[in-house]
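Asker: Here you go, final.pdb (PDB, C-alpha atoms):
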ATOM      1  CA  MET A   1     -11.482  37.562-107.385  1.00  0.00           C
ATOM      2  CA  PRO A   2     -10.045  35.853-104.297  1.00  0.00           C
ATOM      3  CA  ASN A   3     -12.544  35.085-101.580  1.00  0.00           C
ATOM      4  CA  PHE A   4     -12.352  35.871 -97.875  1.00  0.00           C
ATOM      5  CA  THR A   5     -10.869  32.482 -97.033  1.00  0.00           C
ATOM      6  CA  ASP A   6      -8.027  32.776 -99.558  1.00  0.00           C
ATOM      7  CA  ILE A   7      -7.217  36.306 -98.385  1.00  0.00           C
ATOM      8  CA  THR A   8      -7.136  35.134 -94.748  1.00  0.00           C
ATOM      9  CA  GLY A   9      -4.777  32.286 -95.619  1.00  0.00           C
ATOM     10  CA  SER A  10      -2.518  34.583 -97.625  1.00  0.00           C
ATOM     11  CA  PHE A  11      -2.242  37.123 -94.794  1.00  0.00           C
ATOM     12  CA  ALA A  12      -1.592  34.265 -92.372  1.00  0.00           C
ATOM     13  CA  ALA A  13       1.280  32.982 -94.505  1.00  0.00           C
ATOM     14  CA  ILE A  14       2.748  36.465 -94.966  1.00  0.00           C
ATOM     15  CA  LEU A  15       2.603  37.225 -91.227  1.00  0.00           C
ATOM     16  CA  THR A  16       4.047  33.932 -89.962  1.00  0.00           C
ATOM     17  CA  THR A  17       6.861  34.240 -92.522  1.00  0.00           C
ATOM     18  CA  LEU A  18       7.776  37.941 -92.447  1.00  0.00           C
ATOM     19  CA  SER A  19       7.486  38.211 -88.634  1.00  0.00           C
ATOM     20  CA  PHE A  20      10.862  36.447 -88.540  1.00  0.00           C
ATOM     21  CA  LEU A  21      12.539  39.385 -90.331  1.00  0.00           C
ATOM     22  CA  PRO A  22      12.456  41.812 -87.349  1.00  0.00           C
ATOM     23  CA  GLN A  23      13.337  38.883 -85.095  1.00  0.00           C
ATOM     24  CA  VAL A  24      16.486  38.183 -87.129  1.00  0.00           C
ATOM     25  CA  PHE A  25      17.384  41.920 -87.176  1.00  0.00           C
ATOM     26  CA  LYS A  26      17.114  41.993 -83.378  1.00  0.00           C
ATOM     27  CA  THR A  27      19.046  38.760 -82.933  1.00  0.00           C
ATOM     28  CA  TRP A  28      21.772  39.750 -85.388  1.00  0.00           C
ATOM     29  CA  ARG A  29      22.201  43.238 -83.922  1.00  0.00           C
ATOM     30  CA  SER A  30      22.251  42.062 -80.291  1.00  0.00           C
ATOM     31  CA  GLY A  31      24.321  38.951 -80.998  1.00  0.00           C
ATOM     32  CA  SER A  32      22.201  37.361 -78.287  1.00  0.00           C
ATOM     33  CA  ALA A  33      20.183  34.199 -78.911  1.00  0.00           C
ATOM     34  CA  GLY A  34      20.520  32.422 -75.579  1.00  0.00           C
ATOM     35  CA  ASP A  35      16.772  32.445 -74.934  1.00  0.00           C
ATOM     36  CA  PHE A  36      16.143  30.274 -77.997  1.00  0.00           C
ATOM     37  CA  SER A  37      16.053  26.538 -77.353  1.00  0.00           C
ATOM     38  CA  TRP A  38      18.272  24.391 -79.587  1.00  0.00           C
ATOM     39  CA  ILE A  39      15.474  21.814 -79.573  1.00  0.00           C
ATOM     40  CA  TRP A  40      13.081  24.456 -80.921  1.00  0.00           C
ATOM     41  CA  ILE A  41      15.574  25.532 -83.601  1.00  0.00           C
ATOM     42  CA  ALA A  42      16.197  21.914 -84.664  1.00  0.00           C
ATOM     43  CA  GLY A  43      12.558  20.804 -84.522  1.00  0.00           C
ATOM     44  CA  PHE A  44      11.081  23.942 -86.065  1.00  0.00           C
ATOM     45  CA  GLY A  45      13.805  24.021 -88.750  1.00  0.00           C
ATOM     46  CA  ALA A  46      13.248  20.346 -89.615  1.00  0.00           C
ATOM     47  CA  GLY A  47       9.502  20.980 -89.744  1.00  0.00           C
ATOM     48  CA  LEU A  48       9.967  23.938 -92.108  1.00  0.00           C
ATOM     49  CA  ALA A  49      12.199  21.796 -94.336  1.00  0.00           C
ATOM     50  CA  LEU A  50       9.447  19.154 -94.468  1.00  0.00           C
ATOM     51  CA  TRP A  51       6.831  21.833 -95.294  1.00  0.00           C
ATOM     52  CA  LEU A  52       9.147  22.864 -98.134  1.00  0.00           C
ATOM     53  CA  VAL A  53       9.366  19.261 -99.402  1.00  0.00           C
ATOM     54  CA  TYR A  54       5.571  19.024 -99.067  1.00  0.00           C
ATOM     55  CA  GLY A  55       5.225  22.203-101.129  1.00  0.00           C
ATOM     56  CA  LEU A  56       7.575  20.830-103.784  1.00  0.00           C
ATOM     57  CA  ALA A  57       5.578  17.573-103.921  1.00  0.00           C
ATOM     58  CA  LEU A  58       2.355  19.551-104.405  1.00  0.00           C
ATOM     59  CA  GLY A  59       3.974  22.014-106.802  1.00  0.00           C
ATOM     60  CA  SER A  60       2.831  24.828-104.500  1.00  0.00           C
ATOM     61  CA  LEU A  61       4.943  27.941-104.992  1.00  0.00           C
ATOM     62  CA  PRO A  62       3.458  29.746-101.928  1.00  0.00           C
ATOM     63  CA  LEU A  63       4.365  26.812 -99.644  1.00  0.00           C
ATOM     64  CA  VAL A  64       7.879  26.556-101.078  1.00  0.00           C
ATOM     65  CA  ALA A  65       8.515  30.305-100.920  1.00  0.00           C
ATOM     66  CA  ALA A  66       7.074  30.895 -97.437  1.00  0.00           C
ATOM     67  CA  ASN A  67       8.863  27.953 -95.854  1.00  0.00           C
ATOM     68  CA  GLY A  68      12.111  28.574 -97.729  1.00  0.00           C
ATOM     69  CA  VAL A  69      12.234  32.160 -96.452  1.00  0.00           C
ATOM     70  CA  THR A  70      11.281  31.208 -92.886  1.00  0.00           C
ATOM     71  CA  LEU A  71      13.830  28.387 -92.818  1.00  0.00           C
ATOM     72  CA  SER A  72      16.589  30.786 -93.948  1.00  0.00           C
ATOM     73  CA  LEU A  73      15.661  33.228 -91.170  1.00  0.00           C
ATOM     74  CA  VAL A  74      15.596  30.496 -88.505  1.00  0.00           C
ATOM     75  CA  LEU A  75      19.034  29.358 -89.708  1.00  0.00           C
ATOM     76  CA  ALA A  76      20.256  32.946 -89.263  1.00  0.00           C
ATOM     77  CA  ILE A  77      19.095  32.824 -85.622  1.00  0.00           C
ATOM     78  CA  ALA A  78      20.830  29.449 -85.244  1.00  0.00           C
ATOM     79  CA  LEU A  79      24.066  30.943 -86.590  1.00  0.00           C
ATOM     80  CA  VAL A  80      24.020  33.714 -83.976  1.00  0.00           C
ATOM     81  CA  LYS A  81      23.318  31.183 -81.228  1.00  0.00           C
ATOM     82  CA  TRP A  82      26.104  28.939 -82.527  1.00  0.00           C
ATOM     83  CA  ARG A  83      28.639  31.792 -82.513  1.00  0.00           C
ATOM     84  CA  GLU A  84      27.508  32.889 -79.081  1.00  0.00           C
ATOM     85  CA  GLY A  85      28.248  29.429 -77.670  1.00  0.00           C
ATOM     86  CA  GLY A  86      27.671  28.883 -73.977  1.00  0.00           C
ATOM     87  CA  PRO A  87      24.827  27.000 -72.313  1.00  0.00           C
ATOM     88  CA  ALA A  88      21.834  25.925 -74.367  1.00  0.00           C
TER      89      ALA A  88
ATOM     90  CA  MET B   1      -3.343   4.378 -96.916  1.00  0.00           C
ATOM     91  CA  PRO B   2      -1.753   7.828 -96.753  1.00  0.00           C
ATOM     92  CA  ASN B   3       0.796   8.575 -99.410  1.00  0.00           C
ATOM     93  CA  PHE B   4       4.317   9.958 -99.027  1.00  0.00           C
ATOM     94  CA  THR B   5       3.169  13.553 -99.536  1.00  0.00           C
ATOM     95  CA  ASP B   6       0.497  13.368 -96.823  1.00  0.00           C
ATOM     96  CA  ILE B   7       2.940  11.781 -94.397  1.00  0.00           C
ATOM     97  CA  THR B   8       5.513  14.514 -95.101  1.00  0.00           C
ATOM     98  CA  GLY B   9       2.931  17.240 -94.480  1.00  0.00           C
ATOM     99  CA  SER B  10       1.754  15.587 -91.275  1.00  0.00           C
ATOM    100  CA  PHE B  11       5.287  15.319 -89.883  1.00  0.00           C
ATOM    101  CA  ALA B  12       5.906  18.933 -90.915  1.00  0.00           C
ATOM    102  CA  ALA B  13       2.840  20.101 -88.986  1.00  0.00           C
ATOM    103  CA  ILE B  14       3.724  18.012 -85.933  1.00  0.00           C
ATOM    104  CA  LEU B  15       7.322  19.307 -85.862  1.00  0.00           C
ATOM    105  CA  THR B  16       6.558  23.005 -86.361  1.00  0.00           C
ATOM    106  CA  THR B  17       3.868  22.771 -83.660  1.00  0.00           C
ATOM    107  CA  LEU B  18       5.445  20.557 -80.995  1.00  0.00           C
ATOM    108  CA  SER B  19       8.906  22.168 -81.287  1.00  0.00           C
ATOM    109  CA  PHE B  20       7.422  25.056 -79.287  1.00  0.00           C
ATOM    110  CA  LEU B  21       6.860  22.780 -76.276  1.00  0.00           C
ATOM    111  CA  PRO B  22      10.563  22.500 -75.257  1.00  0.00           C
ATOM    112  CA  GLN B  23      10.936  26.214 -76.079  1.00  0.00           C
ATOM    113  CA  VAL B  24       8.164  27.107 -73.644  1.00  0.00           C
ATOM    114  CA  PHE B  25       9.639  24.791 -70.976  1.00  0.00           C
ATOM    115  CA  LYS B  26      12.999  26.544 -71.355  1.00  0.00           C
ATOM    116  CA  THR B  27      11.460  30.020 -71.363  1.00  0.00           C
ATOM    117  CA  TRP B  28       9.191  29.298 -68.412  1.00  0.00           C
ATOM    118  CA  ARG B  29      11.966  27.726 -66.338  1.00  0.00           C
ATOM    119  CA  SER B  30      14.532  30.444 -67.065  1.00  0.00           C
ATOM    120  CA  GLY B  31      12.017  33.302 -66.832  1.00  0.00           C
ATOM    121  CA  SER B  32      14.094  34.863 -69.602  1.00  0.00           C
ATOM    122  CA  ALA B  33      12.562  35.904 -72.918  1.00  0.00           C
ATOM    123  CA  GLY B  34      14.518  39.063 -73.715  1.00  0.00           C
ATOM    124  CA  ASP B  35      15.918  37.642 -76.956  1.00  0.00           C
ATOM    125  CA  PHE B  36      12.421  37.351 -78.441  1.00  0.00           C
ATOM    126  CA  SER B  37      11.279  40.359 -80.457  1.00  0.00           C
ATOM    127  CA  TRP B  38       7.861  41.806 -79.536  1.00  0.00           C
ATOM    128  CA  ILE B  39       7.316  42.379 -83.256  1.00  0.00           C
ATOM    129  CA  TRP B  40       7.914  38.674 -83.894  1.00  0.00           C
ATOM    130  CA  ILE B  41       5.547  37.686 -81.067  1.00  0.00           C
ATOM    131  CA  ALA B  42       2.828  40.047 -82.329  1.00  0.00           C
ATOM    132  CA  GLY B  43       3.260  39.236 -86.025  1.00  0.00           C
ATOM    133  CA  PHE B  44       3.710  35.486 -85.620  1.00  0.00           C
ATOM    134  CA  GLY B  45       0.838  35.321 -83.101  1.00  0.00           C
ATOM    135  CA  ALA B  46      -1.477  37.290 -85.408  1.00  0.00           C
ATOM    136  CA  GLY B  47      -0.443  35.033 -88.300  1.00  0.00           C
ATOM    137  CA  LEU B  48      -1.211  31.895 -86.273  1.00  0.00           C
ATOM    138  CA  ALA B  49      -4.619  33.343 -85.340  1.00  0.00           C
ATOM    139  CA  LEU B  50      -5.347  33.932 -89.042  1.00  0.00           C
ATOM    140  CA  TRP B  51      -4.212  30.357 -89.878  1.00  0.00           C
ATOM    141  CA  LEU B  52      -6.698  29.221 -87.220  1.00  0.00           C
ATOM    142  CA  VAL B  53      -9.506  31.274 -88.817  1.00  0.00           C
ATOM    143  CA  TYR B  54      -8.478  29.868 -92.217  1.00  0.00           C
ATOM    144  CA  GLY B  55      -8.684  26.345 -90.778  1.00  0.00           C
ATOM    145  CA  LEU B  56     -12.144  27.078 -89.329  1.00  0.00           C
ATOM    146  CA  ALA B  57     -13.307  28.443 -92.697  1.00  0.00           C
ATOM    147  CA  LEU B  58     -12.087  25.278 -94.425  1.00  0.00           C
ATOM    148  CA  GLY B  59     -13.358  23.005 -91.645  1.00  0.00           C
ATOM    149  CA  SER B  60      -9.824  21.630 -91.318  1.00  0.00           C
ATOM    150  CA  LEU B  61      -9.301  20.088 -87.893  1.00  0.00           C
ATOM    151  CA  PRO B  62      -5.507  19.662 -88.405  1.00  0.00           C
ATOM    152  CA  LEU B  63      -5.084  23.379 -89.227  1.00  0.00           C
ATOM    153  CA  VAL B  64      -7.235  24.460 -86.277  1.00  0.00           C
ATOM    154  CA  ALA B  65      -5.514  22.099 -83.828  1.00  0.00           C
ATOM    155  CA  ALA B  66      -1.931  22.794 -84.932  1.00  0.00           C
ATOM    156  CA  ASN B  67      -2.327  26.565 -84.984  1.00  0.00           C
ATOM    157  CA  GLY B  68      -4.382  26.650 -81.783  1.00  0.00           C
ATOM    158  CA  VAL B  69      -1.663  24.754 -79.921  1.00  0.00           C
ATOM    159  CA  THR B  70       1.182  26.833 -81.393  1.00  0.00           C
ATOM    160  CA  LEU B  71      -0.639  30.097 -80.650  1.00  0.00           C
ATOM    161  CA  SER B  72      -1.121  29.038 -77.001  1.00  0.00           C
ATOM    162  CA  LEU B  73       2.594  28.261 -76.701  1.00  0.00           C
ATOM    163  CA  VAL B  74       3.642  31.583 -78.271  1.00  0.00           C
ATOM    164  CA  LEU B  75       1.308  33.382 -75.838  1.00  0.00           C
ATOM    165  CA  ALA B  76       3.066  31.562 -72.984  1.00  0.00           C
ATOM    166  CA  ILE B  77       6.397  32.973 -74.223  1.00  0.00           C
ATOM    167  CA  ALA B  78       4.782  36.420 -74.479  1.00  0.00           C
ATOM    168  CA  LEU B  79       3.595  36.141 -70.858  1.00  0.00           C
ATOM    169  CA  VAL B  80       7.129  35.439 -69.619  1.00  0.00           C
ATOM    170  CA  LYS B  81       8.467  38.362 -71.649  1.00  0.00           C
ATOM    171  CA  TRP B  82       5.697  40.612 -70.326  1.00  0.00           C
ATOM    172  CA  ARG B  83       6.463  39.696 -66.703  1.00  0.00           C
ATOM    173  CA  GLU B  84      10.163  40.152 -67.291  1.00  0.00           C
ATOM    174  CA  GLY B  85       9.613  43.726 -68.513  1.00  0.00           C
ATOM    175  CA  GLY B  86      12.657  45.752 -69.486  1.00  0.00           C
ATOM    176  CA  PRO B  87      13.787  46.670 -72.977  1.00  0.00           C
ATOM    177  CA  ALA B  88      12.266  44.929 -75.982  1.00  0.00           C
TER     178      ALA B  88
END
Using structure tokens, write down the structure that the file contains.

Answerer:
Amino acid sequence: MPNFTDITGSFAAILTTLSFLPQVFKTWRSGSAGDFSWIWIAGFGAGLALWLVYGLALGSLPLVAANGVTLSLVLAIALVKWREGGPA
Amino acid sequence: MPNFTDITGSFAAILTTLSFLPQVFKTWRSGSAGDFSWIWIAGFGAGLALWLVYGLALGSLPLVAANGVTLSLVLAIALVKWREGGPA
């Protein structure tokens, strides 16, 4: 049976990953991503990619899955911002 | 000497944490946070708080520090959005 610590970590991973789903729905529907910083998108995206590599190196499916999903959702935000153009 | 995997994980943590600094600068300066979803702020913030609790339970200073910093920065974005008011 998983202990309190494992359950806390699992909920943490689920929340920080799946919270990006409603964000992407909002961004996609509004077509507006001007409030996001390109530096955040680039830095956060690169960090998620490294977490994914770290997960692969450890053979950790939860790390790979969580960071793969989050990275995809951040790239979706980046795509909207890219299409929108204009000032960063 | 740290190995490749540890270095990858460390850079991942640094990037996903510190990428929020330029985001907060941009948000604070522009006073504009309308593109952020309240559901993302609430879910991501709650997830970061749970990662922090997980780090405390494990006695992991890197987890506590990284998630404490990121949570503070997300709360700064939330404050700008709160002040801004208007539609979510």

Asker: Would you list which chain A residues are within 7 Å of chain B using all atoms listed in the file, as a list in words?

Answerer: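 Residues passing the distance filter: Thr5, Thr8, Gly9, Ala12, Ala13, Leu15, Thr16, Ser19, Phe20, Pro22, Gln23, Lys26, Thr27, Ser32, Ala33, Asp35, Phe36, Ser37, Ile39, Trp40, Gly43, Phe44, Gly47, Leu48, Leu50, Trp51, Tyr54 and Ala57 of chain A.
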
Asker: Using CA of Leu79 (chain A) and CA of Trp28 (chain A) as the two end points, give the distance in Å to one decimal.

Answerer: 9.2 Å

Asker: Take CA of Leu73 (chain A) and CA of Arg83 (chain B) and report the distance between them in Å, one decimal.

Answerer: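 A separation of 26.9 Å between them.
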
Asker: Report, in Å to a single decimal, how far apart CA of Pro62 (chain A) and CA of Asn67 (chain B) are.

Answerer: 18.2 Å

Asker: Using the file's own x, y and z axes, what box holds all listed atoms of region 2-12 of chain B with 8 Å on each side, keeping edges along x, y and z, and what are its centre and edge lengths in Å to one decimal, as lines of an AutoDock Vina configuration file?

Answerer:
center_x = 2.1
center_y = 13.4
center_z = -94.7
size_x = 23.7
size_y = 27.1
size_z = 25.7

Asker: Give me chain A from this structure - C-alpha atoms, as a short mmCIF file (atom, residue, chain, number, x, y, z; two decimals), in the first residue's frame.

Answerer:
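And here's decode_31.cif as it stands now:
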data_model
loop_
_atom_site.label_atom_id
_atom_site.label_comp_id
_atom_site.auth_asym_id
_atom_site.auth_seq_id
_atom_site.Cartn_x
_atom_site.Cartn_y
_atom_site.Cartn_z
CA MET A 1 0.00 0.00 0.00
CA PRO A 2 1.43 3.40 -0.95
CA ASN A 3 2.33 5.63 1.96
CA PHE A 4 1.38 9.25 2.58
CA THR A 5 4.57 10.56 0.99
CA ASP A 6 4.09 8.62 -2.26
CA ILE A 7 0.45 9.71 -2.50
CA THR A 8 1.46 13.36 -1.96
CA GLY A 9 4.09 13.13 -4.70
CA SER A 10 1.66 11.47 -7.09
CA PHE A 11 -1.01 14.14 -6.57
CA ALA A 12 1.67 16.81 -6.99
CA ALA A 13 2.74 15.35 -10.33
CA ILE A 14 -0.85 14.97 -11.53
CA LEU A 15 -1.75 18.56 -10.58
CA THR A 16 1.33 20.28 -12.04
CA THR A 17 0.84 18.29 -15.27
CA LEU A 18 -2.93 18.32 -15.81
CA SER A 19 -3.33 21.98 -14.75
CA PHE A 20 -1.92 22.83 -18.18
CA LEU A 21 -4.94 21.23 -19.91
CA PRO A 22 -7.46 23.99 -19.01
CA GLN A 23 -4.73 26.54 -19.70
CA VAL A 24 -4.27 25.20 -23.24
CA PHE A 25 -8.07 25.10 -23.78
CA LYS A 26 -8.27 28.76 -22.76
CA THR A 27 -5.27 29.76 -24.85
CA TRP A 28 -6.43 27.83 -27.91
CA ARG A 29 -10.00 29.14 -27.72
CA SER A 30 -8.99 32.77 -27.16
CA GLY A 31 -6.08 32.67 -29.60
CA SER A 32 -4.39 35.01 -27.14
CA ALA A 33 -1.02 34.19 -25.58
CA GLY A 34 0.58 37.63 -25.41
CA ASP A 35 0.91 37.54 -21.63
CA PHE A 36 3.25 34.54 -21.82
CA SER A 37 6.95 35.38 -21.94
CA TRP A 38 8.95 33.75 -24.75
CA ILE A 39 11.80 33.38 -22.25
CA TRP A 40 9.47 31.44 -19.94
CA ILE A 41 8.25 29.23 -22.80
CA ALA A 42 11.83 28.52 -23.95
CA GLY A 43 13.30 28.03 -20.47
CA PHE A 44 10.39 26.04 -19.05
CA GLY A 45 10.14 23.94 -22.23
CA ALA A 46 13.89 23.20 -22.19
CA GLY A 47 13.64 22.31 -18.51
CA LEU A 48 10.75 19.91 -19.16
CA ALA A 49 12.75 18.29 -21.97
CA LEU A 50 15.66 17.78 -19.55
CA TRP A 51 13.29 16.31 -16.92
CA LEU A 52 12.15 13.92 -19.65
CA VAL A 53 15.76 12.93 -20.44
CA TYR A 54 16.36 12.54 -16.69
CA GLY A 55 13.32 10.27 -16.47
CA LEU A 56 14.56 8.20 -19.41
CA ALA A 57 18.00 7.87 -17.79
CA LEU A 58 16.38 6.66 -14.56
CA GLY A 59 13.87 4.48 -16.39
CA SER A 60 11.09 6.35 -14.56
CA LEU A 61 7.80 6.08 -16.44
CA PRO A 62 6.04 8.69 -14.22
CA LEU A 63 8.77 11.28 -14.92
CA VAL A 64 8.72 10.57 -18.65
CA ALA A 65 4.93 10.62 -18.90
CA ALA A 66 4.34 13.72 -16.75
CA ASN A 67 7.02 15.79 -18.45
CA GLY A 68 6.15 14.54 -21.94
CA VAL A 69 2.53 15.60 -21.48
CA THR A 70 3.42 18.97 -19.93
CA LEU A 71 5.97 19.69 -22.66
CA SER A 72 3.35 18.98 -25.36
CA LEU A 73 0.90 21.37 -23.68
CA VAL A 74 3.52 24.13 -23.34
CA LEU A 75 4.35 23.69 -27.04
CA ALA A 76 0.64 24.14 -27.81
CA ILE A 77 0.73 27.49 -25.97
CA ALA A 78 3.90 28.40 -27.90
CA LEU A 79 2.14 27.62 -31.19
CA VAL A 80 -0.72 30.00 -30.37
CA LYS A 81 1.76 32.71 -29.38
CA TRP A 82 3.76 32.11 -32.56
CA ARG A 83 0.66 32.44 -34.77
CA GLU A 84 -0.45 35.52 -32.89
CA GLY A 85 2.86 37.25 -33.64
CA GLY A 86 3.31 40.79 -32.40
CA PRO A 87 5.40 41.98 -29.47
CA ALA A 88 6.85 39.46 -27.05
#
